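Structure data follow from input.txt (compact mmCIF, C-alpha atoms):
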```
# COMPACT_ATOMS: atom_id res chain seq x y z
CA MET A 1 2.57 61.62 -28.69
CA SER A 2 -1.06 60.73 -28.04
CA THR A 3 -2.37 57.22 -28.33
CA THR A 4 -5.78 55.87 -29.30
CA ALA A 5 -7.81 53.08 -27.79
CA ASP A 6 -6.66 50.76 -30.57
CA SER A 7 -2.95 51.50 -30.14
CA PRO A 8 -0.54 48.66 -29.23
CA VAL A 9 0.03 50.27 -25.82
CA GLU A 10 -3.59 49.71 -24.82
CA ARG A 11 -4.09 46.20 -26.19
CA PRO A 12 -2.24 44.16 -23.53
CA THR A 13 -4.25 45.78 -20.71
CA SER A 14 -7.53 45.29 -22.57
CA TRP A 15 -6.67 41.65 -23.35
CA THR A 16 -5.78 40.97 -19.70
CA LYS A 17 -9.08 42.37 -18.47
CA GLU A 18 -10.99 40.24 -20.96
CA GLN A 19 -9.14 37.12 -19.85
CA ALA A 20 -9.75 37.94 -16.19
CA ALA A 21 -13.47 38.41 -16.91
CA ALA A 22 -13.59 35.09 -18.76
CA LEU A 23 -11.82 33.32 -15.89
CA LYS A 24 -14.22 34.82 -13.35
CA GLU A 25 -17.17 33.73 -15.45
CA LEU A 26 -15.78 30.21 -15.63
CA LEU A 27 -15.19 30.03 -11.86
CA ASP A 28 -18.71 31.29 -11.16
CA LYS A 29 -20.29 28.38 -13.02
CA PRO A 30 -22.04 25.94 -10.65
CA LEU A 31 -20.26 22.83 -11.99
CA THR A 32 -16.72 24.23 -12.01
CA THR A 33 -15.78 22.44 -8.78
CA TYR A 34 -17.40 19.21 -9.93
CA TYR A 35 -15.43 19.11 -13.17
CA LEU A 36 -12.19 20.20 -11.49
CA ILE A 37 -12.36 17.24 -9.10
CA ILE A 38 -13.15 14.79 -11.90
CA GLY A 39 -10.52 16.18 -14.25
CA CYS A 40 -7.65 16.39 -11.75
CA SER A 41 -8.43 12.97 -10.29
CA ALA A 42 -8.60 11.33 -13.71
CA LEU A 43 -5.36 12.90 -14.91
CA LEU A 44 -3.44 12.00 -11.75
CA LEU A 45 -4.79 8.44 -11.78
CA ALA A 46 -3.93 7.92 -15.46
CA LEU A 47 -0.48 9.42 -14.94
CA GLY A 48 0.01 7.22 -11.89
CA LEU A 49 -0.80 4.02 -13.80
CA MET A 50 1.58 5.04 -16.56
CA MET A 51 4.40 5.83 -14.12
CA VAL A 52 3.84 2.66 -12.07
CA LEU A 53 4.25 0.64 -15.29
CA SER A 54 7.46 2.47 -16.13
CA ALA A 55 8.96 2.58 -12.63
CA SER A 56 8.18 -1.02 -11.64
CA SER A 57 8.81 -2.91 -14.87
CA ILE A 58 12.52 -3.66 -14.32
CA GLU A 59 12.24 -4.77 -10.69
CA ALA A 60 9.06 -6.74 -11.46
CA LEU A 61 10.86 -8.56 -14.27
CA GLN A 62 13.77 -9.38 -11.97
CA LYS A 63 11.62 -10.62 -9.08
CA THR A 64 8.60 -12.18 -10.79
CA GLY A 65 9.57 -12.66 -14.43
CA ASP A 66 6.63 -10.45 -15.48
CA PRO A 67 7.35 -6.75 -16.15
CA PHE A 68 3.62 -5.97 -15.86
CA TYR A 69 3.15 -7.64 -12.46
CA TRP A 70 2.75 -4.52 -10.28
CA PHE A 71 1.11 -2.55 -13.07
CA VAL A 72 -1.63 -5.20 -13.37
CA LYS A 73 -2.21 -5.15 -9.61
CA GLN A 74 -2.43 -1.37 -9.59
CA SER A 75 -4.77 -1.45 -12.59
CA MET A 76 -7.03 -3.89 -10.74
CA SER A 77 -7.09 -1.55 -7.74
CA ALA A 78 -7.98 1.36 -10.04
CA ALA A 79 -10.66 -0.72 -11.77
CA LEU A 80 -12.21 -1.33 -8.33
CA GLY A 81 -11.63 2.19 -7.04
CA VAL A 82 -13.22 4.11 -9.92
CA PRO A 83 -16.65 2.46 -9.40
CA VAL A 84 -16.27 3.11 -5.66
CA MET A 85 -15.65 6.76 -6.48
CA TRP A 86 -18.70 6.85 -8.75
CA VAL A 87 -20.92 5.25 -6.10
CA CYS A 88 -19.67 7.67 -3.42
CA SER A 89 -20.40 10.59 -5.74
CA ARG A 90 -24.08 9.57 -5.76
CA LEU A 91 -24.49 9.02 -2.03
CA PRO A 92 -26.10 11.66 0.23
CA HIS A 93 -23.98 13.41 2.80
CA ARG A 94 -25.97 11.68 5.58
CA PHE A 95 -24.33 8.40 4.57
CA PHE A 96 -20.85 9.83 5.12
CA ARG A 97 -21.85 11.18 8.52
CA TRP A 98 -22.81 7.65 9.52
CA ALA A 99 -19.93 5.87 7.74
CA GLY A 100 -17.17 7.44 9.81
CA TYR A 101 -18.08 5.49 12.96
CA PRO A 102 -17.83 1.92 11.60
CA LEU A 103 -14.83 2.91 9.48
CA VAL A 104 -12.91 4.08 12.55
CA ALA A 105 -13.92 0.94 14.46
CA LEU A 106 -12.79 -1.34 11.62
CA SER A 107 -9.53 0.60 11.34
CA ILE A 108 -8.81 0.12 15.04
CA ILE A 109 -9.47 -3.61 14.71
CA GLY A 110 -7.23 -3.79 11.64
CA LEU A 111 -4.44 -1.85 13.35
CA GLY A 112 -4.68 -4.20 16.31
CA ILE A 113 -4.19 -7.17 13.98
CA VAL A 114 -1.20 -5.40 12.42
CA ILE A 115 0.43 -4.90 15.83
CA PHE A 116 0.14 -8.55 16.84
CA ALA A 117 0.30 -10.37 13.52
CA GLY A 118 1.26 -7.85 10.87
CA GLU A 119 3.87 -8.04 8.15
CA SER A 120 7.02 -6.04 8.93
CA GLN A 121 9.06 -4.47 6.13
CA LEU A 122 11.89 -1.95 6.33
CA GLY A 123 11.38 -1.32 10.04
CA ALA A 124 7.65 -0.58 9.77
CA GLN A 125 4.84 -2.98 10.63
CA ARG A 126 1.96 -1.77 8.46
CA TRP A 127 0.48 -4.67 6.49
CA ILE A 128 -1.84 -7.62 6.95
CA ASP A 129 -0.77 -10.47 4.66
CA ILE A 130 -3.81 -12.26 3.20
CA GLY A 131 -2.36 -14.54 0.57
CA PRO A 132 -1.66 -12.45 -2.55
CA ILE A 133 -3.24 -9.35 -0.97
CA TYR A 134 -1.58 -6.91 1.42
CA LEU A 135 -3.93 -4.71 3.42
CA GLN A 136 -2.79 -1.54 5.18
CA PRO A 137 -5.45 -0.55 7.78
CA SER A 138 -3.83 2.83 8.43
CA GLU A 139 -4.98 4.05 4.99
CA PRO A 140 -8.77 3.76 5.55
CA ALA A 141 -8.13 5.13 9.05
CA LYS A 142 -7.38 8.50 7.43
CA LEU A 143 -10.80 8.62 5.78
CA GLY A 144 -12.48 7.30 8.91
CA LEU A 145 -10.91 9.99 11.11
CA ALA A 146 -11.90 12.73 8.65
CA LEU A 147 -15.56 11.61 8.57
CA TRP A 148 -15.91 10.74 12.26
CA GLY A 149 -14.20 13.92 13.44
CA ALA A 150 -16.22 16.08 11.04
CA ASP A 151 -19.50 14.65 12.32
CA LEU A 152 -18.51 15.06 15.97
CA LEU A 153 -17.52 18.70 15.57
CA ALA A 154 -20.48 19.52 13.31
CA ARG A 155 -22.87 18.30 15.98
CA LYS A 156 -21.11 20.34 18.68
CA ALA A 157 -20.99 23.46 16.50
CA ARG A 158 -24.72 23.23 15.80
CA GLY A 159 -25.48 23.18 19.50
CA GLY A 160 -24.42 26.77 20.14
CA ARG A 161 -21.41 28.31 21.89
CA ILE A 162 -19.05 25.70 23.30
CA GLU A 163 -15.80 25.77 25.21
CA TRP A 164 -12.66 24.72 23.37
CA ARG A 165 -12.17 21.87 25.85
CA GLN A 166 -15.42 20.34 24.62
CA LEU A 167 -14.00 20.24 21.09
CA LEU A 168 -11.43 17.67 22.22
CA ILE A 169 -13.82 15.14 23.75
CA PRO A 170 -14.01 12.49 22.37
CA LEU A 171 -12.08 13.62 19.26
CA LEU A 172 -8.66 13.86 20.95
CA PRO A 173 -8.82 10.43 22.67
CA GLY A 174 -10.06 8.81 19.44
CA THR A 175 -7.29 10.40 17.38
CA ALA A 176 -4.75 9.45 20.03
CA ILE A 177 -5.84 5.81 19.90
CA LEU A 178 -5.41 5.70 16.11
CA ALA A 179 -2.09 7.58 16.22
CA VAL A 180 -0.63 5.42 19.01
CA MET A 181 -1.64 2.21 17.25
CA VAL A 182 -0.02 3.42 14.03
CA MET A 183 3.07 4.48 16.00
CA LEU A 184 3.28 1.01 17.54
CA GLY A 185 3.56 -0.24 13.98
CA ARG A 186 6.52 2.16 13.59
CA ASP A 187 4.84 4.19 10.85
CA LEU A 188 5.80 7.80 11.55
CA GLY A 189 4.62 9.20 8.20
CA THR A 190 1.02 8.00 8.55
CA THR A 191 0.96 9.20 12.16
CA LEU A 192 1.83 12.71 11.00
CA VAL A 193 -0.91 12.60 8.34
CA LEU A 194 -3.48 11.59 10.97
CA MET A 195 -2.42 14.50 13.16
CA LEU A 196 -2.65 16.82 10.16
CA ILE A 197 -6.27 15.73 9.64
CA PHE A 198 -6.95 16.31 13.33
CA LEU A 199 -5.45 19.81 13.27
CA SER A 200 -7.36 20.76 10.13
CA LEU A 201 -10.65 19.80 11.80
CA LEU A 202 -9.86 21.95 14.83
CA TRP A 203 -8.81 24.86 12.63
CA VAL A 204 -12.01 24.86 10.59
CA VAL A 205 -14.22 24.56 13.65
CA GLY A 206 -12.54 27.65 15.14
CA ALA A 207 -10.36 26.28 17.95
CA PRO A 208 -8.10 28.86 19.65
CA LEU A 209 -4.48 29.21 18.61
CA LYS A 210 -3.17 28.28 22.07
CA LEU A 211 -4.74 24.86 21.59
CA PHE A 212 -2.77 24.40 18.38
CA GLY A 213 0.43 25.38 20.16
CA GLY A 214 -0.10 22.74 22.83
CA ILE A 215 -0.97 19.99 20.35
CA ILE A 216 1.94 20.83 18.04
CA GLY A 217 4.24 20.79 21.07
CA MET A 218 3.04 17.30 22.02
CA MET A 219 3.44 16.17 18.41
CA THR A 220 7.00 17.47 18.36
CA VAL A 221 7.90 15.62 21.56
CA ALA A 222 6.33 12.40 20.25
CA THR A 223 8.15 12.75 16.92
CA VAL A 224 11.51 13.30 18.59
CA PHE A 225 10.87 10.29 20.81
CA MET A 226 10.04 8.08 17.82
CA ILE A 227 13.14 9.24 15.96
CA THR A 228 15.53 8.72 18.87
CA THR A 229 14.16 5.30 19.84
CA GLU A 230 14.48 3.78 16.37
CA GLY A 231 17.92 3.60 14.79
CA TYR A 232 16.71 3.57 11.19
CA ARG A 233 14.79 6.84 11.75
CA SER A 234 17.93 8.49 13.15
CA ASP A 235 19.75 7.31 10.05
CA ARG A 236 17.07 8.91 7.89
CA ILE A 237 17.54 12.25 9.64
CA THR A 238 21.30 11.94 9.16
CA GLY A 239 20.80 11.10 5.51
CA TRP A 240 18.43 14.04 5.09
CA LEU A 241 20.75 16.59 6.69
CA ASP A 242 23.80 15.45 4.71
CA PRO A 243 22.73 13.03 1.94
CA TRP A 244 25.86 13.43 -0.19
CA GLY A 245 28.07 12.81 2.81
CA HIS A 246 26.30 9.46 3.31
CA ALA A 247 25.67 8.67 -0.36
CA GLN A 248 26.48 4.98 0.11
CA GLY A 249 24.54 4.63 3.34
CA ALA A 250 21.71 6.56 4.96
CA GLY A 251 21.56 9.10 2.13
CA TYR A 252 21.60 6.60 -0.73
CA GLN A 253 17.91 6.80 -1.64
CA ALA A 254 17.82 10.60 -1.39
CA VAL A 255 20.93 10.99 -3.53
CA GLN A 256 19.70 8.61 -6.22
CA GLY A 257 16.35 10.40 -6.30
CA GLN A 258 18.01 13.78 -6.73
CA ILE A 259 20.26 12.43 -9.49
CA ALA A 260 17.21 11.11 -11.33
CA MET A 261 15.35 14.40 -10.93
CA GLY A 262 18.34 16.39 -12.15
CA SER A 263 19.00 14.20 -15.18
CA GLY A 264 15.47 14.81 -16.48
CA GLY A 265 16.15 18.42 -17.41
CA TRP A 266 13.29 20.56 -18.67
CA PHE A 267 11.30 17.98 -20.60
CA GLY A 268 12.67 14.63 -19.43
CA LEU A 269 14.31 11.65 -21.07
CA GLY A 270 11.01 10.30 -22.36
CA LEU A 271 8.51 7.77 -21.05
CA GLY A 272 10.17 4.49 -20.15
CA SER A 273 13.67 5.94 -20.51
CA SER A 274 14.52 6.31 -16.82
CA ARG A 275 17.93 5.03 -15.82
CA GLY A 276 17.31 5.31 -12.08
CA LYS A 277 14.70 2.53 -12.08
CA TRP A 278 17.36 -0.06 -12.94
CA SER A 279 17.62 -1.03 -9.25
CA TRP A 280 19.29 2.25 -8.34
CA ILE A 281 16.35 3.97 -6.65
CA PRO A 282 14.72 1.89 -3.89
CA HIS A 283 10.90 1.81 -4.01
CA ALA A 284 10.80 3.65 -7.32
CA GLU A 285 7.18 2.60 -7.90
CA SER A 286 5.88 3.86 -4.55
CA ASP A 287 7.68 6.29 -2.22
CA PHE A 288 10.02 7.68 -4.90
CA ILE A 289 7.84 7.54 -8.00
CA PHE A 290 8.06 11.34 -8.22
CA SER A 291 11.78 11.04 -8.96
CA ILE A 292 11.10 8.68 -11.89
CA LEU A 293 8.41 11.07 -13.09
CA GLY A 294 10.89 13.95 -12.99
CA GLU A 295 13.51 11.92 -14.85
CA GLU A 296 11.16 10.83 -17.63
CA LEU A 297 8.92 13.91 -17.93
CA GLY A 298 11.32 16.59 -16.70
CA LEU A 299 10.65 19.75 -14.76
CA MET A 300 7.54 20.46 -16.84
CA GLY A 301 6.08 17.10 -15.85
CA THR A 302 6.72 17.60 -12.14
CA LEU A 303 5.27 21.11 -12.21
CA SER A 304 2.19 19.76 -13.97
CA VAL A 305 1.68 17.20 -11.22
CA ILE A 306 2.09 19.86 -8.54
CA ALA A 307 -0.42 22.06 -10.40
CA LEU A 308 -2.94 19.20 -10.53
CA PHE A 309 -2.66 18.67 -6.77
CA GLY A 310 -3.01 22.42 -6.27
CA LEU A 311 -6.19 22.51 -8.37
CA LEU A 312 -7.55 19.49 -6.55
CA GLY A 313 -6.91 21.18 -3.20
CA TYR A 314 -8.52 24.38 -4.48
CA ALA A 315 -11.61 22.43 -5.59
CA GLY A 316 -11.94 20.78 -2.19
CA LEU A 317 -11.66 24.09 -0.34
CA ARG A 318 -14.12 25.63 -2.81
CA VAL A 319 -16.66 22.98 -1.81
CA ALA A 320 -16.06 23.77 1.86
CA MET A 321 -16.58 27.49 1.27
CA ARG A 322 -19.66 27.35 -0.97
CA VAL A 323 -21.85 24.77 0.78
CA ASN A 324 -23.95 25.68 3.80
CA ASP A 325 -23.39 22.62 5.96
CA PRO A 326 -20.90 22.36 8.86
CA PHE A 327 -20.21 18.67 8.28
CA ILE A 328 -19.42 19.21 4.59
CA ARG A 329 -17.07 22.07 5.40
CA LEU A 330 -15.23 20.04 7.99
CA ALA A 331 -15.05 16.81 5.99
CA SER A 332 -13.97 18.57 2.78
CA SER A 333 -11.24 20.52 4.57
CA ALA A 334 -9.98 17.36 6.30
CA VAL A 335 -9.77 15.47 3.00
CA VAL A 336 -7.87 18.37 1.40
CA ALA A 337 -5.45 18.45 4.34
CA TRP A 338 -4.94 14.70 4.00
CA ILE A 339 -4.38 14.48 0.23
CA ALA A 340 -2.54 17.77 -0.29
CA GLY A 341 -0.52 17.38 2.91
CA GLN A 342 0.54 13.85 2.00
CA ALA A 343 1.53 15.01 -1.49
CA ILE A 344 3.64 17.81 0.00
CA VAL A 345 5.40 15.41 2.39
CA ASN A 346 6.11 12.89 -0.39
CA ILE A 347 7.36 15.45 -2.91
CA GLY A 348 9.34 17.28 -0.24
CA ALA A 349 11.12 14.04 0.69
CA VAL A 350 12.02 13.29 -2.94
CA ILE A 351 13.48 16.74 -3.61
CA GLY A 352 15.30 16.76 -0.28
CA VAL A 353 13.53 19.51 1.68
CA LEU A 354 11.86 17.05 4.08
CA PRO A 355 13.04 13.77 5.67
CA ILE A 356 11.99 10.52 4.00
CA THR A 357 8.90 9.17 5.80
CA GLY A 358 7.81 6.38 3.47
CA ILE A 359 4.32 7.61 2.57
CA PRO A 360 3.04 7.36 -1.03
CA LEU A 361 2.09 10.10 -3.47
CA PRO A 362 -1.74 10.06 -3.60
CA LEU A 363 -3.26 8.62 -6.80
CA VAL A 364 0.18 8.23 -8.37
CA SER A 365 2.20 5.79 -6.25
CA TYR A 366 1.70 2.04 -6.27
CA GLY A 367 -0.57 0.66 -3.56
CA GLY A 368 -4.20 -0.41 -3.60
CA SER A 369 -4.71 0.13 0.13
CA ALA A 370 -3.91 3.81 -0.35
CA LEU A 371 -5.68 4.23 -3.71
CA LEU A 372 -9.12 2.94 -2.72
CA PRO A 373 -9.75 5.24 0.29
CA THR A 374 -8.40 8.20 -1.70
CA LEU A 375 -10.80 7.57 -4.59
CA ALA A 376 -13.67 7.10 -2.10
CA ALA A 377 -12.81 10.46 -0.51
CA LEU A 378 -12.74 12.15 -3.93
CA GLY A 379 -16.11 10.59 -4.75
CA MET A 380 -17.41 12.09 -1.52
CA LEU A 381 -16.13 15.52 -2.61
CA LEU A 382 -18.04 15.07 -5.89
CA SER A 383 -21.19 14.34 -3.90
CA PHE A 384 -20.62 17.47 -1.83
CA ALA A 385 -19.92 19.54 -4.98
CA LYS A 386 -23.45 18.74 -6.19
CA ARG A 387 -24.76 20.76 -3.23
CA GLU A 388 -23.19 23.97 -4.48
CA PRO A 389 -25.68 26.65 -5.57
CA GLY A 390 -27.16 25.69 -8.94
CA ALA A 391 -25.12 22.48 -9.31
CA ARG A 392 -28.05 20.06 -9.17
CA GLU A 393 -30.05 22.11 -11.62
CA ALA A 394 -27.09 22.22 -14.01
CA LEU A 395 -26.60 18.45 -13.75
CA ALA A 396 -30.32 17.85 -14.30
CA ALA A 397 -30.29 20.06 -17.40
CA ARG A 398 -27.28 18.17 -18.73
CA GLY A 399 -29.20 14.89 -18.69
CA PRO A 400 -28.00 11.40 -17.73
CA GLY A 401 -24.27 10.81 -17.74
CA PRO A 402 -22.33 8.12 -19.63
CA ALA A 403 -22.60 5.61 -16.77
CA ALA A 404 -26.38 6.00 -16.54
CA ARG A 405 -26.74 5.69 -20.31
CA ALA A 406 -24.57 2.56 -20.30
CA LEU A 407 -26.70 0.98 -17.57
CA SER A 408 -29.84 1.84 -19.51
CA TRP A 409 -28.40 0.32 -22.69
CA LEU A 410 -27.57 -2.88 -20.78
CA GLY A 411 -31.08 -2.96 -19.34
CA LEU A 412 -29.79 -2.54 -15.77
CA GLY A 413 -31.41 0.79 -15.01
CA GLY A 414 -33.28 3.69 -16.46
CA ALA A 415 -31.41 6.74 -17.66
CA GLN A 416 -33.69 9.30 -16.06
CA ARG A 417 -33.16 12.97 -15.88
CA GLY A 418 -32.66 14.30 -12.41
CA ARG A 419 -35.35 16.49 -10.92
CA PRO A 420 -34.31 20.05 -10.09
CA ARG A 421 -34.11 20.65 -6.39
CA ARG A 422 -34.43 23.72 -4.27
CA PRO A 423 -31.28 25.88 -4.61
CA THR A 424 -28.86 25.68 -1.70
CA ARG A 425 -28.43 28.91 0.23
CA THR A 426 -24.87 30.22 0.39
CA VAL A 427 -23.18 31.67 3.46
CA PRO A 428 -20.14 33.89 3.84
CA THR A 429 -16.84 32.06 3.61
CA GLY A 430 -14.87 31.37 6.74
CA ARG A 431 -14.35 28.79 9.44
CA VAL A 432 -17.11 26.68 10.92
CA GLY A 433 -17.71 27.34 14.57
CA PRO A 434 -20.28 28.15 17.21
CA ASP A 435 -20.65 31.72 15.89
CA ALA A 436 -20.92 30.75 12.21
CA GLU A 437 -24.21 31.32 10.42
CA ARG A 438 -26.24 28.14 10.30
```
In C-alpha cells, how does this file's structure come out?
Amino acid sequence: MSTTADSPVERPTSWTKEQAAALKELLDKPLTTYYLIIGCSALLLALGLMMVLSASSIEALQKTGDPFYWFVKQSMSAALGVPVMWVCSRLPHRFFRWAGYPLVALSIIGLGIVIFAGESQLGAQRWIDIGPIYLQPSEPAKLGLALWGADLLARKARGGRIEWRQLLIPLLPGTAILAVMVMLGRDLGTTLVLMLIFLSLLWVVGAPLKLFGGIIGMMTVATVFMITTEGYRSDRITGWLDPWGHAQGAGYQAVQGQIAMGSGGWFGLGLGSSRGKWSWIPHAESDFIFSILGEELGLMGTLSVIALFGLLGYAGLRVAMRVNDPFIRLASSAVVAWIAGQAIVNIGAVIGVLPITGIPLPLVSYGGSALLPTLAALGMLLSFAKREPGAREALAARGPGPAARALSWLGLGGAQRGRPRRPTRTVPTGRVGPDAER
C-alpha cells in the first residue's frame, strides 16, 4: 500500500530531521559555549550547596551543635568564589598567561609549608591551619600548572618545529617538583590529577605517543611505590578489590556508599531523607557526597550530575577548538582534563570502579580551597569563550548584564554597551603543535 508524505510512517523521520536542524542551529550560535559554562557551573554549584547542607547537617550538629556549620562555611566560599569567577570572565587572556608563574611559585611555597608544618588528617598532610581557616595549597597548584604549562608550550609551538625533548624542559621538572611535594604530603589523588593536567598539555601540543608511554610507565611505578610504602593505601586497594569481604574494615566506606546509592532507587528518598549521613558514611559532605546525592535524588539525580559535567567538559573543549590561540587551546584543554578527570575519579570511587583516593567532586563537595580555584578556572573559560567567532558582537548587542546594571544603579560604574570588535578568525580543529596553523 502506498504512503503519502503526511502518513504516520513519514512523520517520525521528518520530526527527527527538524530537531537535528534545530540543535545544529543552536550549537552554531556564538554564545552557546558561554551560556553552557554559566548554566552548568551555576547548577552544579547550587546543587552542591544543597547537598552539603543535607550531607553535613547531622555530623555538624553532633560536633559543633550547629547543623548549618559546614553549610555556612561553604556558602561563604561560594559567595567569595562567584565574584572571583565574574572578575576572571572579564580579564584578557594575557593576564592568565602571566598569572601562571606567580601561582606556581606560591603553590610551591605553600606546599613546602605543608610538608614542614602542615595539618595531617587520615594519613594525608594537605592543610595549613590558620585559625578557623584550612588552606590546601595543592588545589591552586592545579590551576597554576594548567596556566604555566599552557604558556610554556604555546611559546614553544609558536617558534616553529621543535623536538619533543624540548617540550619537556622546563615543564617536566616543574611538574615533577609539584608532584613530589604533593606526594611528600601523602596525597596520591591530587598527584594523579596534576599528572593528568600534564599529560593533557602534552597531548594537545602534539607530543609523540612514545613519550606518553614513558611518562605513564613512570607514573605507574611511582603509584605502586606510594601504595606499597603506606599501609593505609594498601588497605584501600584491598577494600576496593573486595569491599564486601572487608565491610567492617578497609571496605567500610565503599560498602556504605554503595548501600546508600542502591537505596535511592530511580528517584531517591527525597532531599534531606538520607539515612547514610547518620554517621554511617565517612566524609559524606566531601569525598562521598555523590553517594548521598544518589540516595536522596536517585539514579535520575546522579545521571543529571554526570550530564552536567559532560556538558561542561564539552563546552571547554568547544572553546579550545573554536578559538585561534595556542595558549587558549592548551589552557582550556588542561582545565577540562582537571575538572572532568577529577569528577570521574571521585564518582568512580563512590560507585566502586576505582579505588578511593580522597579527592572531592568539583563544585559539589565541601571545601573552599577546592571551590575557589575551580570557579576561577571556569571564569577563565568564560573569558576565552568571548573570543569565539561572533561572541563579542553578540554580547555587545545584548547590552550590559545584570552585574553591570547593578553597579550602575549603585553609582559604582557605568553600564556601557561593549564596542564590537574585529571577528576572530577560526582555524580547523585539532591539536596545537608546531605544524598547526597560526
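Between atom CA of A:Leu31 and atom CA of A:Trp86 the separation is 16.4 Å.
Take the candidates A:Leu152, A:Ala99, A:Leu271, A:Val182 and check each one against A:Pro170 using all atoms listed in the file; the shortest distance goes to A:Leu152.
Between A:Ile37 and the candidates A:Cys88, A:Met321, A:Leu378, A:Ala396, the tightest atom-to-atom separation, counting all atoms listed in the file, involves A:Leu378.
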Could you check which of A:Gly81, A:Gly48, A:Pro326, A:Gly239 is closest to A:Leu361, using all atoms listed in the file? A:Gly48
In the coordinate frame of the file, compute which residues have an atom within 8 Å of (-4.8, 6.3, 6.6) when using all atoms listed in the file, and state them as a CSV table (one decimal) with C-alpha atoms, in the coordinates of the input.
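out_17.csv written:
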```csv
chain,number,residue,atom,x,y,z
A,137,PRO,CA,-5.4,-0.6,7.8
A,138,SER,CA,-3.8,2.8,8.4
A,139,GLU,CA,-5.0,4.0,5.0
A,140,PRO,CA,-8.8,3.8,5.6
A,141,ALA,CA,-8.1,5.1,9.0
A,142,LYS,CA,-7.4,8.5,7.4
A,143,LEU,CA,-10.8,8.6,5.8
A,190,THR,CA,1.0,8.0,8.6
A,193,VAL,CA,-0.9,12.6,8.3
A,194,LEU,CA,-3.5,11.6,11.0
A,370,ALA,CA,-3.9,3.8,-0.4
```
Which residue gives the smallest distance to A:Leu269 among A:Met300, A:Val224, A:Cys40, A:Leu311, with all atoms listed in the file counted?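 Closest residue, counting all atoms listed in the file: A:Met300.
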Have a look at atom CA of A:Ile281 and atom CA of A:Leu196 and let me know their distance in Å, one decimal. 28.4 Å
A:Phe198: which residues within 8 Å, counting all atoms listed in the file, same-chain residues fewer than 6 positions away excluded, as a list in words? Leu145, Ala146, Gly149, Thr175 and Ala334 of chain A
Output of the above residues as a PDB file, in the coordinates of the input, restricted to C-alpha atoms:
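Wrote it out as part35.pdb, contents follow:
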```pdb
ATOM      1  CA  LEU A 145     -10.910   9.990  11.110  1.00  0.00           C
ATOM      2  CA  ALA A 146     -11.900  12.730   8.650  1.00  0.00           C
ATOM      3  CA  GLY A 149     -14.200  13.920  13.440  1.00  0.00           C
ATOM      4  CA  THR A 175      -7.290  10.400  17.380  1.00  0.00           C
ATOM      5  CA  ALA A 334      -9.980  17.360   6.300  1.00  0.00           C
TER       6      ALA A 334
END
```
Selected residue of minimal separation from A:Ile133 among A:Val255, A:Met76, A:Ile347, A:Leu45, counting only C-alpha atoms: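 Under the stated criterion, the closest residue is A:Met76.
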Which residues are close to stretch 327-333 of chain A, i.e. within 10 Å by all atoms listed in the file, leaving aside same-chain residues fewer than 5 positions away? Reply as a ChimeraX atom specification. /A:93-94,96-97,143,145-155,157-158,197,200-205,313,315-322,338,377-378,380-381,383-385,387,430-432
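Note that the spacing between atom CA of A:Glu388 and atom CA of A:Tyr314 amounts to 14.7 Å.
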With all atoms listed in the file as the basis for distance, which of A:Ile259, A:Leu372, A:Val52, A:Ala307 is at the shortest distance from A:Glu295? A:Ile259
All residues 8 Å or closer to A:Ser57, only C-alpha atoms, same chain fewer than 4 positions away omitted, as number ranges by chain: A: 52-53, 61, 66-71
Restrict the selected residues to C-alpha atoms and save them as a short mmCIF file (atom, residue, chain, number, x, y, z; two decimals), in the frame of the given file.
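out17.cif, written as the output of this step:
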```
data_model
loop_
_atom_site.label_atom_id
_atom_site.label_comp_id
_atom_site.auth_asym_id
_atom_site.auth_seq_id
_atom_site.Cartn_x
_atom_site.Cartn_y
_atom_site.Cartn_z
CA VAL A 52 3.84 2.66 -12.07
CA LEU A 53 4.25 0.64 -15.29
CA LEU A 61 10.86 -8.56 -14.27
CA ASP A 66 6.63 -10.45 -15.48
CA PRO A 67 7.35 -6.75 -16.15
CA PHE A 68 3.62 -5.97 -15.86
CA TYR A 69 3.15 -7.64 -12.46
CA TRP A 70 2.75 -4.52 -10.28
CA PHE A 71 1.11 -2.55 -13.07
#
```
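Using all atoms listed in the file, the contacts of A:Leu111 at a cut-off of 12 Å, with sequence neighbours closer than 6 positions omitted, comprise A:Val104, A:Ala105, A:Ala117, A:Gly118, A:Glu119, A:Gln125, A:Arg126, A:Trp127, A:Ile128, A:Leu135, A:Gln136, A:Pro137, A:Ser138, A:Glu139, A:Pro140, A:Ala141, A:Ile177, A:Leu178, A:Ala179, A:Val180, A:Met181, A:Val182, A:Met183, A:Leu184, A:Gly185, A:Arg186, A:Asp187.
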Answer as a list in words, residues within 9 Å of (18.5, 5.4, -15.3) using all atoms listed in the file: Ala260, Ser263, Ser273, Ser274, Arg275, Gly276, Lys277, Trp278, Ser279, Trp280, Ile292 and Glu295 of chain A
C-alpha atoms of the current selection, written as a CSV table (one decimal), in the frame of the given file:
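again.csv was written with the following content:
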```csv
chain,number,residue,atom,x,y,z
A,260,ALA,CA,17.2,11.1,-11.3
A,263,SER,CA,19.0,14.2,-15.2
A,273,SER,CA,13.7,5.9,-20.5
A,274,SER,CA,14.5,6.3,-16.8
A,275,ARG,CA,17.9,5.0,-15.8
A,276,GLY,CA,17.3,5.3,-12.1
A,277,LYS,CA,14.7,2.5,-12.1
A,278,TRP,CA,17.4,-0.1,-12.9
A,279,SER,CA,17.6,-1.0,-9.2
A,280,TRP,CA,19.3,2.2,-8.3
A,292,ILE,CA,11.1,8.7,-11.9
A,295,GLU,CA,13.5,11.9,-14.8
```
Starting from the block above, write stretch 356-360 of chain A out to a file with N, CA and C atoms, as a CSV table (one decimal), in the first residue's frame, please.
```
chain,number,residue,atom,x,y,z
A,356,ILE,N,39.4,4.4,46.3
A,356,ILE,CA,39.2,5.6,46.9
A,356,ILE,C,40.5,6.4,47.1
A,357,THR,N,40.5,7.7,46.6
A,357,THR,CA,41.7,8.5,46.6
A,357,THR,C,41.5,9.7,47.5
A,358,GLY,N,40.3,10.0,47.9
A,358,GLY,CA,40.1,11.2,48.8
A,358,GLY,C,40.1,12.5,48.1
A,359,ILE,N,39.7,12.6,46.8
A,359,ILE,CA,39.6,13.9,46.2
A,359,ILE,C,38.2,14.3,46.0
A,360,PRO,N,37.8,15.6,46.1
A,360,PRO,CA,36.4,16.0,46.1
A,360,PRO,C,35.8,16.0,44.7
```
